Amino acid sequence: MKFLTHTVVCAFALVSAPLAADNHDPAGLVAAQKERTERVAQQLWELAEVGYLETQTTALLQTELAKEGFEVTPGIAEIPTAFVAEWGSEGPVIAILAEMDALPGINQSAAATRDPIAGKHAGHACGHNLFGAASLTAAIAVKQWLEATGTPGRIRLYGTPAEEGGSGKVYMTRAGMFDDVDIAIHWHADDENSAAAQTSLANRSAKFRFTGISAHAAGAPERGRSALDGAEAMNMMANMLHEHMPQDARMHYVITSGGNAPNVVPDFAEVFYYVRHPDPDGVEEIWTRLENAAKGAALGTGTQVEWEVIHGNNPLLVNESLARVMDSKLRTVGGVEYTAEERAWAEEIQKSLGDAAKPLDSAAQIGAYSKSLGYGSTDVGDVSYATPTVGVRTATWIPGTSAHTWQAVAASGHSIGYKGAQVAAKAMALMAAELYTNPQLRADARAEFNAARGPDYQYKSLLGDREPPLDYRK
């Protein structure tokens, strides 16, 4: 594995926690860590640190891994909060990804009705506190299983920051962090249980910054050139562009700065855009048209414009050889069962979901296996072009809940969310054990991977050669 020269390897020779009674059962080893999973998930939920600022979050995960005898390397890929932790010295390298960042601008207590926490400016509305905690548990359980069974293998946990618009994994992929990995495993919080092979949209984002000339909006309007006019003109043309985009493409924006007072012509405005498409070339095509809209808006309003690409993700390259096995592991584990108290809490949440609500019993079911296009985007996509990758989703949220909502924040800090995290950790641990002991599965996955990428494949990130935007959330 490539490590940058500035990283420091921290090895801890501490005694591992006692193994579970059945230390040959990966799922049982996960179950034995239930208290740790819930404790870490709760701590991360309370911290709710945003992209590239997850200093306490990453320290917590690294400390837990070091206590279990993992060799921890912090600050990889020139990202202070990114890390890799490894145990083992020979055999196949199986990686488990651990996202950790929260979303700004939304927070909620663990109550079943809207209840923002005063003074808190972010929340785990995408369940990354559960992601980090369950991946931690799975990695430790796999280490214990390897140790107990004497199976050759190396287990790695990658602490991956800033998935929400920061593309942390892209920089890690670009730096070669996954080049020697045999298989990568990931999971995500959701409102259902599924290991279906779902692709994602490629995407790119940028902040378009307009500069103009300030003036008194009433006393000397002729002297002003409004940067906000430039941003609004761009938005108007972009909205017209929507009519002429492919069906599966997506484009959305927010104005992050538009001036401070109506009677002052603003000399600065900023608009933040996302463009998505199933294919990276589709993103590039729409992006060129968006850049032209920005140039035209500046020309027409007498302003200047420049832009900074913030992030970009390739689409997820699914691997059905792996996905079908993960589906079987998930079915072995089963879904999420509610207690009477949890069901009452879930029913209260459902009242806020309206027509989107689904039967609560669906949390205990496993969705049918299929291959489909998903309309979200993830930086796991870039990892999936570096090594065969497989994922799973579990019902951490009340059925019908959308990601990036207060309902998702609430469930991510509730026992229901913790149960879903346990299901994910068990499925990942079982999958890892299968991969270590099934060389044919590894070979099949690699063959499918190579065929999907093609013989002339060369990796290209959608964010170019820029450095990680460590201040994008400041």
# chains A, B, ... in the order shown; residues from 1 in each chain; ligands from 1

$ closest_atom_pairs --of "segment 297-403 of chain A" --to "segment 108-127 of chain A" --cutoff "7 Å" --atoms "only C-alpha atoms" --output "JSON lines"
{"residue": "A:Trp345", "atom": "CA", "partner": "A:Ala112", "partner_atom": "CA", "distance": 6.1}
{"residue": "A:Glu348", "atom": "CA", "partner": "A:Ala112", "partner_atom": "CA", "distance": 5.8}
{"residue": "A:Ile349", "atom": "CA", "partner": "A:Ala112", "partner_atom": "CA", "distance": 4.9}
{"residue": "A:Ala403", "atom": "CA", "partner": "A:Cys126", "partner_atom": "CA", "distance": 5.3}

$ residues_around --residues "Phe210 of chain A" --least-positions-apart "3" --cutoff "9 Å" --atoms "only C-alpha atoms" --output "JSON list (two decimals) with C-alpha atoms, in the first residue's frame"
[["chain", "number", "residue", "atom", "x", "y", "z"],
["A", 226, "SER", "CA", -24.28, 43.71, -9.57],
["A", 227, "ALA", "CA", -22.52, 40.43, -8.88],
["A", 228, "LEU", "CA", -25.91, 39.10, -7.79],
["A", 229, "ASP", "CA", -27.29, 39.93, -11.23],
["A", 230, "GLY", "CA", -24.53, 37.77, -12.67],
["A", 231, "ALA", "CA", -25.39, 34.85, -10.39],
["A", 267, "ASP", "CA", -19.83, 43.41, -5.61],
["A", 268, "PHE", "CA", -19.63, 39.69, -4.77],
["A", 269, "ALA", "CA", -22.00, 36.77, -5.18],
["A", 270, "GLU", "CA", -21.46, 33.03, -5.14],
["A", 271, "VAL", "CA", -23.60, 30.14, -6.37],
["A", 294, "ALA", "CA", -21.61, 31.46, -16.30],
["A", 298, "ALA", "CA", -20.94, 37.69, -16.58],
["A", 303, "THR", "CA", -19.32, 41.38, -14.09],
["A", 304, "GLN", "CA", -16.48, 38.89, -13.83],
["A", 305, "VAL", "CA", -16.77, 35.21, -12.96],
["A", 306, "GLU", "CA", -14.41, 32.45, -11.89],
["A", 307, "TRP", "CA", -15.12, 29.04, -10.43]]

$ residues_around --residues "segment 24-41 of chain A" --least-positions-apart "4" --cutoff "6 Å" --atoms "only C-alpha atoms" --output "PyMOL selection string"
chain A and resi 20+129-130+133+141+145+418+426+429-430

$ write_last_selection --atoms "N, CA and C atoms" --output "compact mmCIF listing (two decimals), in the first residue's frame"
# COMPACT_ATOMS: atom_id res chain seq x y z
N ALA A 20 -15.37 -13.45 21.76
CA ALA A 20 -16.68 -13.99 22.11
C ALA A 20 -16.56 -15.50 22.28
N ASN A 129 -22.48 8.47 11.30
CA ASN A 129 -22.06 8.02 12.63
C ASN A 129 -22.26 6.52 12.76
N LEU A 130 -23.33 6.01 12.19
CA LEU A 130 -23.59 4.57 12.18
C LEU A 130 -22.61 3.86 11.24
N ALA A 133 -19.21 3.63 13.02
CA ALA A 133 -19.23 2.71 14.16
C ALA A 133 -19.36 1.26 13.72
N ALA A 141 -14.11 -7.35 14.49
CA ALA A 141 -14.61 -8.73 14.51
C ALA A 141 -13.84 -9.59 13.51
N TRP A 145 -11.61 -12.87 14.23
CA TRP A 145 -11.87 -14.12 13.53
C TRP A 145 -10.61 -14.65 12.85
N TYR A 418 -29.04 2.00 15.78
CA TYR A 418 -27.96 1.13 16.25
C TYR A 418 -28.21 -0.32 15.83
N LYS A 426 -22.58 -7.21 10.89
CA LYS A 426 -22.60 -8.67 10.78
C LYS A 426 -22.48 -9.11 9.32
N ALA A 429 -18.89 -8.52 8.11
CA ALA A 429 -17.95 -9.48 8.71
C ALA A 429 -18.09 -10.86 8.06
N LEU A 430 -19.32 -11.29 7.83
CA LEU A 430 -19.54 -12.57 7.15
C LEU A 430 -19.00 -12.53 5.73

$ select_by_dssp --residues "segment 204-363 of chain A" --states "helix (DSSP H, G or I)" --output "PyMOL selection string"
chain A and resi 221-223+227-244+280-301+320-333+340-350+354-356+360-363

$ select_by_dssp --residues "segment 220-433 of chain A" --states "strand (DSSP E)" --output "VMD selection string"
chain A and resid 250 to 257 268 to 277 304 to 313 371 to 373 389 to 395

$ write_last_selection --atoms "C-alpha atoms" --output "PDB file, in the first residue's frame"
ATOM      1  CA  ARG A 250     -29.583  16.093 -12.434  1.00  0.00           C
ATOM      2  CA  MET A 251     -28.506  19.682 -11.712  1.00  0.00           C
ATOM      3  CA  HIS A 252     -29.127  21.753  -8.589  1.00  0.00           C
ATOM      4  CA  TYR A 253     -27.716  24.827  -6.875  1.00  0.00           C
ATOM      5  CA  VAL A 254     -27.832  27.168  -3.905  1.00  0.00           C
ATOM      6  CA  ILE A 255     -26.832  30.837  -3.705  1.00  0.00           C
ATOM      7  CA  THR A 256     -24.303  30.913  -0.881  1.00  0.00           C
ATOM      8  CA  SER A 257     -23.671  34.670  -1.002  1.00  0.00           C
ATOM      9  CA  PHE A 268     -19.633  39.694  -4.771  1.00  0.00           C
ATOM     10  CA  ALA A 269     -22.000  36.770  -5.182  1.00  0.00           C
ATOM     11  CA  GLU A 270     -21.460  33.028  -5.136  1.00  0.00           C
ATOM     12  CA  VAL A 271     -23.600  30.141  -6.374  1.00  0.00           C
ATOM     13  CA  PHE A 272     -22.772  26.487  -5.663  1.00  0.00           C
ATOM     14  CA  TYR A 273     -23.718  23.976  -8.397  1.00  0.00           C
ATOM     15  CA  TYR A 274     -23.944  20.184  -8.657  1.00  0.00           C
ATOM     16  CA  VAL A 275     -24.186  18.318 -11.977  1.00  0.00           C
ATOM     17  CA  ARG A 276     -24.937  14.581 -12.107  1.00  0.00           C
ATOM     18  CA  HIS A 277     -25.186  12.000 -14.890  1.00  0.00           C
ATOM     19  CA  GLN A 304     -16.481  38.889 -13.828  1.00  0.00           C
ATOM     20  CA  VAL A 305     -16.772  35.208 -12.961  1.00  0.00           C
ATOM     21  CA  GLU A 306     -14.414  32.448 -11.895  1.00  0.00           C
ATOM     22  CA  TRP A 307     -15.120  29.043 -10.430  1.00  0.00           C
ATOM     23  CA  GLU A 308     -13.530  26.457  -8.179  1.00  0.00           C
ATOM     24  CA  VAL A 309     -14.300  22.760  -8.586  1.00  0.00           C
ATOM     25  CA  ILE A 310     -15.072  21.441  -5.103  1.00  0.00           C
ATOM     26  CA  HIS A 311     -15.669  17.764  -5.668  1.00  0.00           C
ATOM     27  CA  GLY A 312     -16.300  15.119  -8.287  1.00  0.00           C
ATOM     28  CA  ASN A 313     -17.207  11.432  -8.106  1.00  0.00           C
ATOM     29  CA  LYS A 371     -29.410  -4.401 -10.639  1.00  0.00           C
ATOM     30  CA  SER A 372     -30.529  -0.809 -11.082  1.00  0.00           C
ATOM     31  CA  LEU A 373     -29.508   2.827 -11.412  1.00  0.00           C
ATOM     32  CA  THR A 389     -16.198  -3.243  -4.371  1.00  0.00           C
ATOM     33  CA  VAL A 390     -19.392  -4.464  -2.733  1.00  0.00           C
ATOM     34  CA  GLY A 391     -21.922  -2.746  -0.476  1.00  0.00           C
ATOM     35  CA  VAL A 392     -24.995  -3.281   1.643  1.00  0.00           C
ATOM     36  CA  ARG A 393     -27.750  -1.047   3.029  1.00  0.00           C
ATOM     37  CA  THR A 394     -29.698  -1.636   6.208  1.00  0.00           C
ATOM     38  CA  ALA A 395     -32.845  -0.235   7.799  1.00  0.00           C
TER      39      ALA A 395
END

$ decode --residues "segment 254-276 of chain A" --atoms "N, CA, C and O atoms" --output "PDB file, in the first residue's frame"
ATOM      1  N   VAL A 254     -27.418  26.238  -4.952  1.00  0.00           N
ATOM      2  CA  VAL A 254     -27.832  27.168  -3.905  1.00  0.00           C
ATOM      3  C   VAL A 254     -26.989  28.427  -4.041  1.00  0.00           C
ATOM      4  O   VAL A 254     -25.807  28.362  -4.412  1.00  0.00           O
ATOM      5  N   ILE A 255     -27.586  29.582  -3.766  1.00  0.00           N
ATOM      6  CA  ILE A 255     -26.832  30.837  -3.705  1.00  0.00           C
ATOM      7  C   ILE A 255     -26.261  30.937  -2.295  1.00  0.00           C
ATOM      8  O   ILE A 255     -27.004  31.033  -1.326  1.00  0.00           O
ATOM      9  N   THR A 256     -24.950  30.890  -2.199  1.00  0.00           N
ATOM     10  CA  THR A 256     -24.303  30.913  -0.881  1.00  0.00           C
ATOM     11  C   THR A 256     -23.961  32.320  -0.416  1.00  0.00           C
ATOM     12  O   THR A 256     -23.728  32.553   0.763  1.00  0.00           O
ATOM     13  N   SER A 257     -23.920  33.268  -1.359  1.00  0.00           N
ATOM     14  CA  SER A 257     -23.671  34.670  -1.002  1.00  0.00           C
ATOM     15  C   SER A 257     -24.318  35.545  -2.052  1.00  0.00           C
ATOM     16  O   SER A 257     -24.093  35.346  -3.258  1.00  0.00           O
ATOM     17  N   GLY A 258     -25.127  36.517  -1.606  1.00  0.00           N
ATOM     18  CA  GLY A 258     -25.828  37.356  -2.571  1.00  0.00           C
ATOM     19  C   GLY A 258     -25.884  38.813  -2.204  1.00  0.00           C
ATOM     20  O   GLY A 258     -26.675  39.564  -2.774  1.00  0.00           O
ATOM     21  N   GLY A 259     -25.057  39.235  -1.283  1.00  0.00           N
ATOM     22  CA  GLY A 259     -25.091  40.623  -0.835  1.00  0.00           C
ATOM     23  C   GLY A 259     -25.606  40.728   0.580  1.00  0.00           C
ATOM     24  O   GLY A 259     -26.077  39.744   1.172  1.00  0.00           O
ATOM     25  N   ASN A 260     -25.532  41.949   1.128  1.00  0.00           N
ATOM     26  CA  ASN A 260     -25.894  42.151   2.536  1.00  0.00           C
ATOM     27  C   ASN A 260     -27.011  43.159   2.761  1.00  0.00           C
ATOM     28  O   ASN A 260     -27.679  43.100   3.782  1.00  0.00           O
ATOM     29  N   ALA A 261     -27.212  44.078   1.827  1.00  0.00           N
ATOM     30  CA  ALA A 261     -28.251  45.095   2.010  1.00  0.00           C
ATOM     31  C   ALA A 261     -28.834  45.454   0.645  1.00  0.00           C
ATOM     32  O   ALA A 261     -28.089  45.622  -0.330  1.00  0.00           O
ATOM     33  N   PRO A 262     -30.160  45.608   0.543  1.00  0.00           N
ATOM     34  CA  PRO A 262     -30.788  45.904  -0.746  1.00  0.00           C
ATOM     35  C   PRO A 262     -30.325  47.221  -1.364  1.00  0.00           C
ATOM     36  O   PRO A 262     -30.371  47.376  -2.589  1.00  0.00           O
ATOM     37  N   ASN A 263     -29.932  48.188  -0.536  1.00  0.00           N
ATOM     38  CA  ASN A 263     -29.549  49.501  -1.084  1.00  0.00           C
ATOM     39  C   ASN A 263     -28.067  49.592  -1.428  1.00  0.00           C
ATOM     40  O   ASN A 263     -27.558  50.662  -1.726  1.00  0.00           O
ATOM     41  N   VAL A 264     -27.361  48.457  -1.380  1.00  0.00           N
ATOM     42  CA  VAL A 264     -25.960  48.404  -1.792  1.00  0.00           C
ATOM     43  C   VAL A 264     -25.840  47.404  -2.931  1.00  0.00           C
ATOM     44  O   VAL A 264     -26.165  46.225  -2.767  1.00  0.00           O
ATOM     45  N   VAL A 265     -25.397  47.880  -4.094  1.00  0.00           N
ATOM     46  CA  VAL A 265     -25.189  46.962  -5.214  1.00  0.00           C
ATOM     47  C   VAL A 265     -24.085  45.984  -4.811  1.00  0.00           C
ATOM     48  O   VAL A 265     -22.959  46.410  -4.525  1.00  0.00           O
ATOM     49  N   PRO A 266     -24.373  44.679  -4.747  1.00  0.00           N
ATOM     50  CA  PRO A 266     -23.369  43.730  -4.262  1.00  0.00           C
ATOM     51  C   PRO A 266     -22.220  43.543  -5.249  1.00  0.00           C
ATOM     52  O   PRO A 266     -22.446  43.360  -6.450  1.00  0.00           O
ATOM     53  N   ASP A 267     -20.991  43.609  -4.738  1.00  0.00           N
ATOM     54  CA  ASP A 267     -19.830  43.409  -5.606  1.00  0.00           C
ATOM     55  C   ASP A 267     -19.300  41.980  -5.545  1.00  0.00           C
ATOM     56  O   ASP A 267     -18.296  41.665  -6.181  1.00  0.00           O
ATOM     57  N   PHE A 268     -20.013  41.113  -4.806  1.00  0.00           N
ATOM     58  CA  PHE A 268     -19.633  39.694  -4.771  1.00  0.00           C
ATOM     59  C   PHE A 268     -20.888  38.837  -4.593  1.00  0.00           C
ATOM     60  O   PHE A 268     -21.788  39.178  -3.811  1.00  0.00           O
ATOM     61  N   ALA A 269     -20.926  37.762  -5.341  1.00  0.00           N
ATOM     62  CA  ALA A 269     -22.000  36.770  -5.182  1.00  0.00           C
ATOM     63  C   ALA A 269     -21.415  35.406  -5.528  1.00  0.00           C
ATOM     64  O   ALA A 269     -20.504  35.296  -6.367  1.00  0.00           O
ATOM     65  N   GLU A 270     -21.953  34.387  -4.890  1.00  0.00           N
ATOM     66  CA  GLU A 270     -21.460  33.028  -5.136  1.00  0.00           C
ATOM     67  C   GLU A 270     -22.634  32.073  -5.242  1.00  0.00           C
ATOM     68  O   GLU A 270     -23.585  32.147  -4.460  1.00  0.00           O
ATOM     69  N   VAL A 271     -22.581  31.173  -6.209  1.00  0.00           N
ATOM     70  CA  VAL A 271     -23.600  30.141  -6.374  1.00  0.00           C
ATOM     71  C   VAL A 271     -22.882  28.798  -6.503  1.00  0.00           C
ATOM     72  O   VAL A 271     -21.882  28.671  -7.203  1.00  0.00           O
ATOM     73  N   PHE A 272     -23.404  27.805  -5.799  1.00  0.00           N
ATOM     74  CA  PHE A 272     -22.772  26.487  -5.663  1.00  0.00           C
ATOM     75  C   PHE A 272     -23.600  25.482  -6.457  1.00  0.00           C
ATOM     76  O   PHE A 272     -24.769  25.253  -6.149  1.00  0.00           O
ATOM     77  N   TYR A 273     -23.014  24.876  -7.486  1.00  0.00           N
ATOM     78  CA  TYR A 273     -23.718  23.976  -8.397  1.00  0.00           C
ATOM     79  C   TYR A 273     -23.253  22.532  -8.283  1.00  0.00           C
ATOM     80  O   TYR A 273     -22.061  22.268  -8.070  1.00  0.00           O
ATOM     81  N   TYR A 274     -24.202  21.610  -8.459  1.00  0.00           N
ATOM     82  CA  TYR A 274     -23.944  20.184  -8.657  1.00  0.00           C
ATOM     83  C   TYR A 274     -24.484  19.773 -10.024  1.00  0.00           C
ATOM     84  O   TYR A 274     -25.590  20.171 -10.405  1.00  0.00           O
ATOM     85  N   VAL A 275     -23.718  18.948 -10.739  1.00  0.00           N
ATOM     86  CA  VAL A 275     -24.186  18.318 -11.977  1.00  0.00           C
ATOM     87  C   VAL A 275     -23.981  16.819 -11.850  1.00  0.00           C
ATOM     88  O   VAL A 275     -22.909  16.370 -11.433  1.00  0.00           O
ATOM     89  N   ARG A 276     -25.002  16.040 -12.214  1.00  0.00           N
ATOM     90  CA  ARG A 276     -24.937  14.581 -12.107  1.00  0.00           C
ATOM     91  C   ARG A 276     -25.412  13.932 -13.411  1.00  0.00           C
ATOM     92  O   ARG A 276     -26.312  14.446 -14.075  1.00  0.00           O
TER      93      ARG A 276
END
